[in-house]
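Shown below: run_2.pdb, with PDB, C-alpha atoms.
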```
ATOM      1  CA  MET A   1     -31.171 -39.965 -50.821  1.00  0.00           C
ATOM      2  CA  ASN A   2     -30.308 -42.377 -53.582  1.00  0.00           C
ATOM      3  CA  GLY A   3     -28.670 -42.152 -56.961  1.00  0.00           C
ATOM      4  CA  TRP A   4     -31.920 -41.275 -58.746  1.00  0.00           C
ATOM      5  CA  ILE A   5     -32.598 -38.269 -56.534  1.00  0.00           C
ATOM      6  CA  LEU A   6     -28.973 -37.176 -56.854  1.00  0.00           C
ATOM      7  CA  ALA A   7     -29.276 -37.331 -60.648  1.00  0.00           C
ATOM      8  CA  ALA A   8     -32.555 -35.386 -60.434  1.00  0.00           C
ATOM      9  CA  THR A   9     -30.852 -32.732 -58.290  1.00  0.00           C
ATOM     10  CA  VAL A  10     -28.015 -32.361 -60.795  1.00  0.00           C
ATOM     11  CA  GLU A  11     -30.437 -32.196 -63.708  1.00  0.00           C
ATOM     12  CA  LEU A  12     -32.665 -29.689 -61.911  1.00  0.00           C
ATOM     13  CA  GLY A  13     -29.770 -27.496 -60.822  1.00  0.00           C
ATOM     14  CA  GLY A  14     -27.907 -27.522 -64.125  1.00  0.00           C
ATOM     15  CA  GLY A  15     -30.867 -27.359 -66.494  1.00  0.00           C
ATOM     16  CA  GLY A  16     -32.804 -24.961 -64.302  1.00  0.00           C
ATOM     17  CA  ALA A  17     -29.928 -22.520 -63.888  1.00  0.00           C
ATOM     18  CA  ALA A  18     -29.160 -22.591 -67.628  1.00  0.00           C
ATOM     19  CA  ALA A  19     -32.837 -22.038 -68.482  1.00  0.00           C
ATOM     20  CA  LEU A  20     -33.121 -19.206 -65.989  1.00  0.00           C
ATOM     21  CA  TRP A  21     -30.042 -17.485 -67.384  1.00  0.00           C
ATOM     22  CA  GLY A  22     -31.240 -17.947 -70.967  1.00  0.00           C
ATOM     23  CA  VAL A  23     -34.749 -16.701 -70.339  1.00  0.00           C
ATOM     24  CA  THR A  24     -33.770 -13.542 -68.454  1.00  0.00           C
ATOM     25  CA  THR A  25     -31.011 -12.213 -70.714  1.00  0.00           C
ATOM     26  CA  GLY A  26     -30.488 -11.502 -74.375  1.00  0.00           C
ATOM     27  CA  PRO A  27     -32.916 -10.801 -77.229  1.00  0.00           C
ATOM     28  CA  THR A  28     -36.503 -12.080 -77.184  1.00  0.00           C
ATOM     29  CA  ALA A  29     -35.745 -14.713 -79.815  1.00  0.00           C
ATOM     30  CA  ARG A  30     -33.201 -16.434 -77.566  1.00  0.00           C
ATOM     31  CA  ARG A  31     -35.491 -16.230 -74.573  1.00  0.00           C
ATOM     32  CA  VAL A  32     -38.177 -18.204 -76.386  1.00  0.00           C
ATOM     33  CA  VAL A  33     -35.631 -20.929 -77.218  1.00  0.00           C
ATOM     34  CA  ALA A  34     -34.603 -21.068 -73.548  1.00  0.00           C
ATOM     35  CA  GLN A  35     -38.258 -21.331 -72.495  1.00  0.00           C
ATOM     36  CA  ASN A  36     -38.660 -24.239 -74.912  1.00  0.00           C
ATOM     37  CA  LEU A  37     -35.591 -26.006 -73.524  1.00  0.00           C
ATOM     38  CA  THR A  38     -36.895 -25.666 -69.941  1.00  0.00           C
ATOM     39  CA  THR A  39     -39.548 -28.286 -70.661  1.00  0.00           C
ATOM     40  CA  ALA A  40     -37.048 -30.693 -72.172  1.00  0.00           C
ATOM     41  CA  ALA A  41     -34.614 -30.235 -69.269  1.00  0.00           C
ATOM     42  CA  LEU A  42     -37.063 -30.562 -66.382  1.00  0.00           C
ATOM     43  CA  CYS A  43     -39.259 -33.395 -67.668  1.00  0.00           C
ATOM     44  CA  PRO A  44     -36.445 -35.998 -67.209  1.00  0.00           C
ATOM     45  CA  ALA A  45     -35.833 -34.547 -63.724  1.00  0.00           C
ATOM     46  CA  LEU A  46     -39.469 -35.240 -62.820  1.00  0.00           C
ATOM     47  CA  LEU A  47     -39.135 -38.804 -64.152  1.00  0.00           C
ATOM     48  CA  LEU A  48     -35.998 -39.327 -62.045  1.00  0.00           C
ATOM     49  CA  LEU A  49     -37.792 -37.942 -58.992  1.00  0.00           C
ATOM     50  CA  ALA A  50     -40.684 -40.386 -59.459  1.00  0.00           C
ATOM     51  CA  GLN A  51     -38.180 -43.249 -59.574  1.00  0.00           C
ATOM     52  CA  GLY A  52     -36.174 -41.887 -56.647  1.00  0.00           C
ATOM     53  CA  TYR A  53     -39.199 -41.539 -54.363  1.00  0.00           C
ATOM     54  CA  GLY A  54     -40.437 -44.960 -55.489  1.00  0.00           C
ATOM     55  CA  ARG A  55     -43.847 -43.551 -56.427  1.00  0.00           C
ATOM     56  CA  PRO A  56     -44.917 -44.398 -59.980  1.00  0.00           C
ATOM     57  CA  ALA A  57     -47.895 -42.011 -59.698  1.00  0.00           C
ATOM     58  CA  TYR A  58     -45.487 -39.040 -59.878  1.00  0.00           C
ATOM     59  CA  VAL A  59     -44.808 -39.978 -63.500  1.00  0.00           C
ATOM     60  CA  ASP A  60     -48.115 -38.261 -64.375  1.00  0.00           C
ATOM     61  CA  LEU A  61     -46.444 -34.894 -63.753  1.00  0.00           C
ATOM     62  CA  ALA A  62     -43.808 -35.619 -66.379  1.00  0.00           C
ATOM     63  CA  LEU A  63     -46.524 -36.777 -68.783  1.00  0.00           C
ATOM     64  CA  LEU A  64     -48.465 -33.535 -68.333  1.00  0.00           C
ATOM     65  CA  LEU A  65     -45.305 -31.442 -68.726  1.00  0.00           C
ATOM     66  CA  ALA A  66     -44.318 -33.304 -71.897  1.00  0.00           C
ATOM     67  CA  LEU A  67     -47.815 -32.600 -73.265  1.00  0.00           C
ATOM     68  CA  LEU A  68     -48.232 -28.959 -72.200  1.00  0.00           C
ATOM     69  CA  GLY A  69     -44.664 -27.649 -72.548  1.00  0.00           C
ATOM     70  CA  PRO A  70     -44.623 -27.641 -76.357  1.00  0.00           C
ATOM     71  CA  VAL A  71     -48.168 -26.183 -76.320  1.00  0.00           C
ATOM     72  CA  GLY A  72     -46.882 -23.239 -74.291  1.00  0.00           C
ATOM     73  CA  THR A  73     -43.962 -22.747 -76.683  1.00  0.00           C
ATOM     74  CA  LEU A  74     -46.297 -22.841 -79.680  1.00  0.00           C
ATOM     75  CA  VAL A  75     -48.405 -20.138 -78.002  1.00  0.00           C
ATOM     76  CA  PHE A  76     -45.298 -17.941 -77.824  1.00  0.00           C
ATOM     77  CA  ALA A  77     -44.277 -18.801 -81.401  1.00  0.00           C
ATOM     78  CA  ARG A  78     -47.734 -17.793 -82.625  1.00  0.00           C
ATOM     79  CA  LEU A  79     -48.197 -14.613 -80.604  1.00  0.00           C
ATOM     80  CA  LEU A  80     -44.621 -13.289 -80.661  1.00  0.00           C
ATOM     81  CA  HIS A  81     -44.135 -13.690 -84.395  1.00  0.00           C
ATOM     82  CA  GLU A  82     -43.546  -9.950 -84.841  1.00  0.00           C
ATOM     83  CA  ASP A  83     -40.528 -10.071 -82.533  1.00  0.00           C
ATOM     84  CA  LEU A  84     -39.256 -13.312 -84.040  1.00  0.00           C
ATOM     85  CA  GLU A  85     -39.538 -12.236 -87.662  1.00  0.00           C
ATOM     86  CA  GLY A  86     -36.232 -12.146 -89.499  1.00  0.00           C
ATOM     87  CA  ARG A  87     -34.422 -13.764 -86.573  1.00  0.00           C
ATOM     88  CA  ARG A  88     -35.502 -17.381 -86.860  1.00  0.00           C
ATOM     89  CA  PRO A  89     -34.160 -18.419 -83.478  1.00  0.00           C
ATOM     90  CA  SER A  90     -32.754 -21.913 -83.244  1.00  0.00           C
ATOM     91  CA  ALA A  91     -30.234 -23.825 -81.186  1.00  0.00           C
ATOM     92  CA  TRP A  92     -30.208 -27.221 -82.811  1.00  0.00           C
ATOM     93  CA  GLY A  93     -27.068 -28.481 -81.065  1.00  0.00           C
ATOM     94  CA  LEU A  94     -28.546 -27.712 -77.656  1.00  0.00           C
ATOM     95  CA  THR A  95     -31.963 -29.048 -78.666  1.00  0.00           C
ATOM     96  CA  TYR A  96     -30.545 -32.398 -79.743  1.00  0.00           C
ATOM     97  CA  ALA A  97     -28.307 -32.564 -76.649  1.00  0.00           C
ATOM     98  CA  VAL A  98     -31.272 -32.043 -74.309  1.00  0.00           C
ATOM     99  CA  ALA A  99     -33.378 -34.498 -76.308  1.00  0.00           C
ATOM    100  CA  GLY A 100     -30.519 -37.015 -75.971  1.00  0.00           C
ATOM    101  CA  VAL A 101     -30.480 -36.551 -72.189  1.00  0.00           C
ATOM    102  CA  GLY A 102     -34.246 -37.131 -72.105  1.00  0.00           C
ATOM    103  CA  ALA A 103     -33.892 -40.284 -74.211  1.00  0.00           C
ATOM    104  CA  ALA A 104     -31.066 -41.588 -71.982  1.00  0.00           C
ATOM    105  CA  VAL A 105     -33.155 -41.035 -68.826  1.00  0.00           C
ATOM    106  CA  VAL A 106     -36.187 -42.761 -70.347  1.00  0.00           C
ATOM    107  CA  ILE A 107     -34.081 -45.737 -71.483  1.00  0.00           C
ATOM    108  CA  ALA A 108     -32.426 -46.060 -68.054  1.00  0.00           C
ATOM    109  CA  LEU A 109     -35.808 -45.974 -66.315  1.00  0.00           C
ATOM    110  CA  CYS A 110     -37.212 -48.511 -68.772  1.00  0.00           C
ATOM    111  CA  ALA A 111     -34.307 -50.852 -67.978  1.00  0.00           C
ATOM    112  CA  VAL A 112     -35.095 -50.566 -64.260  1.00  0.00           C
ATOM    113  CA  THR A 113     -38.869 -50.836 -64.635  1.00  0.00           C
ATOM    114  CA  GLY A 114     -38.881 -53.907 -66.828  1.00  0.00           C
ATOM    115  CA  PRO A 115     -41.573 -54.776 -69.366  1.00  0.00           C
ATOM    116  CA  GLY A 116     -45.168 -53.908 -68.560  1.00  0.00           C
ATOM    117  CA  ARG A 117     -47.664 -51.059 -68.557  1.00  0.00           C
ATOM    118  CA  ALA A 118     -45.315 -48.722 -66.678  1.00  0.00           C
ATOM    119  CA  MET A 119     -42.673 -49.153 -69.373  1.00  0.00           C
ATOM    120  CA  VAL A 120     -45.190 -48.341 -72.123  1.00  0.00           C
ATOM    121  CA  LYS A 121     -46.119 -45.175 -70.222  1.00  0.00           C
ATOM    122  CA  LEU A 122     -42.444 -44.204 -69.948  1.00  0.00           C
ATOM    123  CA  LEU A 123     -41.939 -44.774 -73.667  1.00  0.00           C
ATOM    124  CA  VAL A 124     -45.012 -42.648 -74.473  1.00  0.00           C
ATOM    125  CA  ILE A 125     -43.660 -39.845 -72.288  1.00  0.00           C
ATOM    126  CA  GLY A 126     -40.271 -40.058 -74.003  1.00  0.00           C
ATOM    127  CA  ALA A 127     -41.832 -39.942 -77.471  1.00  0.00           C
ATOM    128  CA  LEU A 128     -44.073 -37.010 -76.497  1.00  0.00           C
ATOM    129  CA  LEU A 129     -41.147 -35.148 -74.941  1.00  0.00           C
ATOM    130  CA  ILE A 130     -38.743 -35.503 -77.844  1.00  0.00           C
ATOM    131  CA  GLY A 131     -41.385 -35.166 -80.577  1.00  0.00           C
ATOM    132  CA  GLY A 132     -42.999 -32.127 -78.974  1.00  0.00           C
ATOM    133  CA  ASN A 133     -39.633 -30.497 -78.389  1.00  0.00           C
ATOM    134  CA  LEU A 134     -38.541 -30.991 -81.998  1.00  0.00           C
ATOM    135  CA  ILE A 135     -41.888 -29.684 -83.316  1.00  0.00           C
ATOM    136  CA  ALA A 136     -41.710 -26.604 -81.071  1.00  0.00           C
ATOM    137  CA  SER A 137     -38.086 -25.917 -82.075  1.00  0.00           C
ATOM    138  CA  ARG A 138     -38.993 -26.240 -85.729  1.00  0.00           C
ATOM    139  CA  ALA A 139     -41.939 -23.857 -85.305  1.00  0.00           C
ATOM    140  CA  LEU A 140     -39.625 -21.324 -83.607  1.00  0.00           C
ATOM    141  CA  SER A 141     -37.018 -21.516 -86.356  1.00  0.00           C
ATOM    142  CA  GLY A 142     -39.690 -20.790 -88.959  1.00  0.00           C
ATOM    143  CA  GLY A 143     -40.240 -24.314 -90.243  1.00  0.00           C
ATOM    144  CA  PHE A 144     -44.024 -23.990 -90.333  1.00  0.00           C
ATOM    145  CA  ARG A 145     -45.300 -20.986 -92.225  1.00  0.00           C
ATOM    146  CA  GLY A 146     -48.762 -21.356 -90.730  1.00  0.00           C
ATOM    147  CA  VAL A 147     -47.485 -21.013 -87.182  1.00  0.00           C
ATOM    148  CA  LEU A 148     -45.398 -17.891 -87.583  1.00  0.00           C
ATOM    149  CA  GLY A 149     -47.631 -16.365 -90.248  1.00  0.00           C
ATOM    150  CA  GLY A 150     -50.141 -15.431 -87.530  1.00  0.00           C
TER
ATOM    151  CA  MET M   1     -29.571 -35.152 -48.088  1.00  0.00           C
ATOM    152  CA  SER M   2     -32.986 -34.656 -49.597  1.00  0.00           C
ATOM    153  CA  ASP M   3     -32.661 -31.140 -48.204  1.00  0.00           C
ATOM    154  CA  ALA M   4     -30.213 -30.354 -51.018  1.00  0.00           C
ATOM    155  CA  LEU M   5     -32.938 -31.012 -53.597  1.00  0.00           C
ATOM    156  CA  ILE M   6     -35.442 -28.825 -51.730  1.00  0.00           C
ATOM    157  CA  LEU M   7     -32.792 -26.095 -51.432  1.00  0.00           C
ATOM    158  CA  VAL M   8     -32.035 -26.184 -55.177  1.00  0.00           C
ATOM    159  CA  ALA M   9     -35.747 -26.013 -56.064  1.00  0.00           C
ATOM    160  CA  LEU M  10     -36.394 -23.177 -53.610  1.00  0.00           C
ATOM    161  CA  LEU M  11     -33.413 -21.168 -54.873  1.00  0.00           C
ATOM    162  CA  LEU M  12     -34.531 -21.602 -58.497  1.00  0.00           C
ATOM    163  CA  VAL M  13     -38.099 -20.492 -57.673  1.00  0.00           C
ATOM    164  CA  ALA M  14     -36.882 -17.463 -55.712  1.00  0.00           C
ATOM    165  CA  ALA M  15     -34.437 -16.391 -58.457  1.00  0.00           C
ATOM    166  CA  THR M  16     -37.005 -16.861 -61.237  1.00  0.00           C
ATOM    167  CA  ALA M  17     -39.721 -14.969 -59.349  1.00  0.00           C
ATOM    168  CA  THR M  18     -37.315 -12.078 -58.761  1.00  0.00           C
ATOM    169  CA  ALA M  19     -36.350 -12.108 -62.431  1.00  0.00           C
ATOM    170  CA  ALA M  20     -40.028 -12.072 -63.470  1.00  0.00           C
ATOM    171  CA  VAL M  21     -40.613  -8.958 -61.385  1.00  0.00           C
ATOM    172  CA  ALA M  22     -37.461  -7.285 -62.737  1.00  0.00           C
ATOM    173  CA  GLN M  23     -38.454  -7.601 -66.422  1.00  0.00           C
ATOM    174  CA  ARG M  24     -39.964  -4.472 -67.993  1.00  0.00           C
ATOM    175  CA  ASP M  25     -41.561  -5.869 -71.156  1.00  0.00           C
ATOM    176  CA  PRO M  26     -44.853  -7.792 -70.551  1.00  0.00           C
ATOM    177  CA  ALA M  27     -44.060 -10.355 -73.290  1.00  0.00           C
ATOM    178  CA  ARG M  28     -40.723 -11.185 -71.679  1.00  0.00           C
ATOM    179  CA  GLN M  29     -42.432 -11.276 -68.297  1.00  0.00           C
ATOM    180  CA  ALA M  30     -44.807 -13.911 -69.679  1.00  0.00           C
ATOM    181  CA  LEU M  31     -41.821 -15.995 -70.831  1.00  0.00           C
ATOM    182  CA  VAL M  32     -40.204 -15.885 -67.386  1.00  0.00           C
ATOM    183  CA  LEU M  33     -43.589 -16.619 -65.776  1.00  0.00           C
ATOM    184  CA  SER M  34     -44.045 -19.805 -67.781  1.00  0.00           C
ATOM    185  CA  VAL M  35     -40.588 -21.001 -66.658  1.00  0.00           C
ATOM    186  CA  LEU M  36     -41.522 -20.048 -63.084  1.00  0.00           C
ATOM    187  CA  GLY M  37     -44.668 -22.195 -63.377  1.00  0.00           C
ATOM    188  CA  VAL M  38     -42.611 -25.276 -64.259  1.00  0.00           C
ATOM    189  CA  PHE M  39     -40.118 -24.630 -61.436  1.00  0.00           C
ATOM    190  CA  LEU M  40     -42.996 -24.231 -58.958  1.00  0.00           C
ATOM    191  CA  ALA M  41     -44.471 -27.553 -60.092  1.00  0.00           C
ATOM    192  CA  VAL M  42     -41.095 -29.222 -59.453  1.00  0.00           C
ATOM    193  CA  LEU M  43     -40.902 -27.578 -56.012  1.00  0.00           C
ATOM    194  CA  PHE M  44     -44.371 -28.893 -55.109  1.00  0.00           C
ATOM    195  CA  THR M  45     -43.343 -32.372 -56.249  1.00  0.00           C
ATOM    196  CA  VAL M  46     -40.188 -32.219 -54.130  1.00  0.00           C
ATOM    197  CA  LEU M  47     -42.341 -31.228 -51.149  1.00  0.00           C
ATOM    198  CA  GLN M  48     -44.504 -34.331 -51.778  1.00  0.00           C
ATOM    199  CA  ALA M  49     -47.549 -32.467 -53.110  1.00  0.00           C
ATOM    200  CA  PRO M  50     -47.842 -33.781 -56.675  1.00  0.00           C
ATOM    201  CA  ASP M  51     -51.574 -32.937 -56.915  1.00  0.00           C
ATOM    202  CA  VAL M  52     -50.818 -29.254 -56.391  1.00  0.00           C
ATOM    203  CA  GLY M  53     -47.934 -29.632 -58.836  1.00  0.00           C
ATOM    204  CA  LEU M  54     -50.263 -31.035 -61.498  1.00  0.00           C
ATOM    205  CA  SER M  55     -52.658 -28.089 -61.349  1.00  0.00           C
ATOM    206  CA  GLN M  56     -49.731 -25.639 -61.168  1.00  0.00           C
ATOM    207  CA  LEU M  57     -48.274 -27.237 -64.296  1.00  0.00           C
ATOM    208  CA  ALA M  58     -51.549 -26.940 -66.204  1.00  0.00           C
ATOM    209  CA  VAL M  59     -52.104 -23.326 -65.171  1.00  0.00           C
ATOM    210  CA  GLY M  60     -48.515 -22.081 -65.165  1.00  0.00           C
ATOM    211  CA  ALA M  61     -47.056 -23.729 -68.239  1.00  0.00           C
ATOM    212  CA  ALA M  62     -49.748 -22.986 -70.802  1.00  0.00           C
ATOM    213  CA  LEU M  63     -52.726 -21.006 -69.491  1.00  0.00           C
ATOM    214  CA  THR M  64     -51.131 -17.959 -67.843  1.00  0.00           C
ATOM    215  CA  PRO M  65     -48.748 -17.247 -70.765  1.00  0.00           C
ATOM    216  CA  LEU M  66     -51.656 -17.627 -73.211  1.00  0.00           C
ATOM    217  CA  LEU M  67     -53.809 -15.125 -71.304  1.00  0.00           C
ATOM    218  CA  ILE M  68     -50.970 -12.595 -70.916  1.00  0.00           C
ATOM    219  CA  MET M  69     -49.854 -12.892 -74.557  1.00  0.00           C
ATOM    220  CA  LEU M  70     -53.440 -12.506 -75.829  1.00  0.00           C
ATOM    221  CA  SER M  71     -53.928  -9.316 -73.811  1.00  0.00           C
ATOM    222  CA  VAL M  72     -50.547  -7.965 -74.905  1.00  0.00           C
ATOM    223  CA  ARG M  73     -51.457  -8.567 -78.544  1.00  0.00           C
ATOM    224  CA  LYS M  74     -54.851  -6.914 -78.151  1.00  0.00           C
ATOM    225  CA  ILE M  75     -53.334  -3.819 -76.515  1.00  0.00           C
ATOM    226  CA  ARG M  76     -50.631  -3.564 -79.197  1.00  0.00           C
ATOM    227  CA  ARG M  77     -53.251  -3.816 -81.950  1.00  0.00           C
ATOM    228  CA  ARG M  78     -55.496  -1.208 -80.387  1.00  0.00           C
ATOM    229  CA  ARG M  79     -52.553   1.171 -79.999  1.00  0.00           C
ATOM    230  CA  ARG M  80     -51.525   0.646 -83.614  1.00  0.00           C
ATOM    231  CA  ASP M  81     -55.084   1.269 -84.832  1.00  0.00           C
ATOM    232  CA  ARG M  82     -55.275   4.474 -82.805  1.00  0.00           C
ATOM    233  CA  ASP M  83     -51.933   5.708 -84.126  1.00  0.00           C
ATOM    234  CA  GLY M  84     -52.996   4.848 -87.664  1.00  0.00           C
ATOM    235  CA  ALA M  85     -56.245   6.804 -87.348  1.00  0.00           C
ATOM    236  CA  ARG M  86     -54.457  10.038 -86.474  1.00  0.00           C
TER
END
```
Written form, structure tokens:
Amino acid sequence: MNGWILAATVELGGGGAAALWGVTTGPTARRVVAQNLTTAALCPALLLLAQGYGRPAYVDLALLLALLGPVGTLVFARLLHEDLEGRRPSAWGLTYAVAGVGAAVVIALCAVTGPGRAMVKLLVIGALLIGGNLIASRALSGGFRGVLGG
Amino acid sequence: MSDALILVALLLVAATATAAVAQRDPARQALVLSVLGVFLAVLFTVLQAPDVGLSQLAVGAALTPLLIMLSVRKIRRRRRDRDGAR
């Protein structure tokens, strides 16, 4: 047990519990936002786990999650547009807070890894995570007519 | 101490799976299921099985919700068409 795994445990417990509570209660619009934030909260936890176990190969999981999480949210935004109409769910404060946590984790890991291919991979994951999360949040709050127009 | 991490992951998976069963609306069930897929992938990683976690992530995070939501939409449409024809 080292500091990285401890941080991953805290991130997993806090983010996971918040996501679980958000996705099981309240109106459908808020549940979709919580589902979107799950990706952003757990991807940094996976990165921390990879560092904690000392196995760089585990980073692939975070890469896949950063790629597929926003895809899943866009599926919901497209197919649930009847339920979301008129509500325009958004939680920009929370979205930016979670994105900030992701950025902080990526920067910390980059500082430990040092320059090289691994650092480029980490930066790509961070960009995918934050960019995908912002795009998905924007689609949910009705930013793209094509997505919600269905 | 690594047991604490496994315990947290297991508790999250158990709670989410129970919540997925307890939901009544299929669309909301699909939402909880996609969260459950991500939690399961984390649990597999914690148990040192990242290959299983990778496939779980691909299936659970995007594919299962897509399939469920497509069927829900088709059923809703068919029902609406039938009601409209009456």
**OP:** Using all atoms listed in the file, find the residues of chain M whose closest atom to chain A is at most 10 Å away, then write them as a ChimeraX atom specification.
**Re:** /M:1-9,11-13,15-16,19-20,22-23,27-36,38-39,41-42,45-46,48-51,53-55,57-67,69-70,72-73
Selection export as a tab-separated table (two decimals), in the coordinates of the input, atoms kept: C-alpha atoms:
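New file selection_12.tsv:
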```
chain	number	residue	atom	x	y	z
M	1	MET	CA	-29.57	-35.15	-48.09
M	2	SER	CA	-32.99	-34.66	-49.60
M	3	ASP	CA	-32.66	-31.14	-48.20
M	4	ALA	CA	-30.21	-30.35	-51.02
M	5	LEU	CA	-32.94	-31.01	-53.60
M	6	ILE	CA	-35.44	-28.82	-51.73
M	7	LEU	CA	-32.79	-26.10	-51.43
M	8	VAL	CA	-32.03	-26.18	-55.18
M	9	ALA	CA	-35.75	-26.01	-56.06
M	11	LEU	CA	-33.41	-21.17	-54.87
M	12	LEU	CA	-34.53	-21.60	-58.50
M	13	VAL	CA	-38.10	-20.49	-57.67
M	15	ALA	CA	-34.44	-16.39	-58.46
M	16	THR	CA	-37.01	-16.86	-61.24
M	19	ALA	CA	-36.35	-12.11	-62.43
M	20	ALA	CA	-40.03	-12.07	-63.47
M	22	ALA	CA	-37.46	-7.28	-62.74
M	23	GLN	CA	-38.45	-7.60	-66.42
M	27	ALA	CA	-44.06	-10.36	-73.29
M	28	ARG	CA	-40.72	-11.18	-71.68
M	29	GLN	CA	-42.43	-11.28	-68.30
M	30	ALA	CA	-44.81	-13.91	-69.68
M	31	LEU	CA	-41.82	-16.00	-70.83
M	32	VAL	CA	-40.20	-15.88	-67.39
M	33	LEU	CA	-43.59	-16.62	-65.78
M	34	SER	CA	-44.04	-19.80	-67.78
M	35	VAL	CA	-40.59	-21.00	-66.66
M	36	LEU	CA	-41.52	-20.05	-63.08
M	38	VAL	CA	-42.61	-25.28	-64.26
M	39	PHE	CA	-40.12	-24.63	-61.44
M	41	ALA	CA	-44.47	-27.55	-60.09
M	42	VAL	CA	-41.10	-29.22	-59.45
M	45	THR	CA	-43.34	-32.37	-56.25
M	46	VAL	CA	-40.19	-32.22	-54.13
M	48	GLN	CA	-44.50	-34.33	-51.78
M	49	ALA	CA	-47.55	-32.47	-53.11
M	50	PRO	CA	-47.84	-33.78	-56.68
M	51	ASP	CA	-51.57	-32.94	-56.92
M	53	GLY	CA	-47.93	-29.63	-58.84
M	54	LEU	CA	-50.26	-31.04	-61.50
M	55	SER	CA	-52.66	-28.09	-61.35
M	57	LEU	CA	-48.27	-27.24	-64.30
M	58	ALA	CA	-51.55	-26.94	-66.20
M	59	VAL	CA	-52.10	-23.33	-65.17
M	60	GLY	CA	-48.52	-22.08	-65.17
M	61	ALA	CA	-47.06	-23.73	-68.24
M	62	ALA	CA	-49.75	-22.99	-70.80
M	63	LEU	CA	-52.73	-21.01	-69.49
M	64	THR	CA	-51.13	-17.96	-67.84
M	65	PRO	CA	-48.75	-17.25	-70.76
M	66	LEU	CA	-51.66	-17.63	-73.21
M	67	LEU	CA	-53.81	-15.12	-71.30
M	69	MET	CA	-49.85	-12.89	-74.56
M	70	LEU	CA	-53.44	-12.51	-75.83
M	72	VAL	CA	-50.55	-7.96	-74.90
M	73	ARG	CA	-51.46	-8.57	-78.54
```
**OP:** Go ahead and compute the interatomic distance for CA of Leu109 in chain A and CA of Ala97 in chain A, in Å to one decimal.
**Re:**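 These atoms are spaced 18.5 Å apart.
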Original post:
Between CA of Val106 in chain A and CA of Ile125 in chain A, what is the distance, to one decimal in Å?
Top reply: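 One can read the CA of Val106 in chain A to CA of Ile125 in chain A distance as 8.3 Å.
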Subject >> Shell around Ser90 in chain A at 7 Å using only C-alpha atoms, local window under 2 positions removed, as a PyMOL selection string >> reply: chain A and resi 33+88+92+137+140-141
**OP:** Rounded to one decimal place, report the CA of Ala29 in chain A-CA of Ala127 in chain A distance in Å.
**Re:** 26.1 Å
**OP:** Write out as a VMD selection string the residues lying within 12 Å of Ala111 in chain A, counting all atoms listed in the file and excluding same-chain residues fewer than 6 positions away.
**Re:** chain A and resid 51 104 to 105 118 to 120 122 to 123
Export of the given selection (C-alpha atoms) as a PDB file, keeping the file's coordinate frame:
```pdb
ATOM      1  CA  GLN A  51     -38.180 -43.249 -59.574  1.00  0.00           C
ATOM      2  CA  ALA A 104     -31.066 -41.588 -71.982  1.00  0.00           C
ATOM      3  CA  VAL A 105     -33.155 -41.035 -68.826  1.00  0.00           C
ATOM      4  CA  ALA A 118     -45.315 -48.722 -66.678  1.00  0.00           C
ATOM      5  CA  MET A 119     -42.673 -49.153 -69.373  1.00  0.00           C
ATOM      6  CA  VAL A 120     -45.190 -48.341 -72.123  1.00  0.00           C
ATOM      7  CA  LEU A 122     -42.444 -44.204 -69.948  1.00  0.00           C
ATOM      8  CA  LEU A 123     -41.939 -44.774 -73.667  1.00  0.00           C
TER       9      LEU A 123
END
```
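Of the residues listed (A:Leu48, A:Ala7, A:Ala77, A:Val101), A:Ala77 shows the shortest atom-to-atom separation from Ile135 in chain A; distances use only C-alpha atoms.
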Listed atoms of range 31-37 of chain A boxed axis-aligned with 5 Å per side, centre + edges as JSON:
```
{"center_x": -36.6, "center_y": -21.1, "center_z": -74.9, "size_x": 14.1, "size_y": 19.8, "size_z": 14.7}
```
**OP:** Name the closest residue to Leu47 in chain M among the candidates M:Arg24, M:Leu10, M:Thr18, M:Arg76; distances are taken between atoms, counting only C-alpha atoms.
**Re:**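 Between M:Arg24, M:Leu10, M:Thr18, M:Arg76, the residue approaching Leu47 in chain M most closely is M:Leu10.
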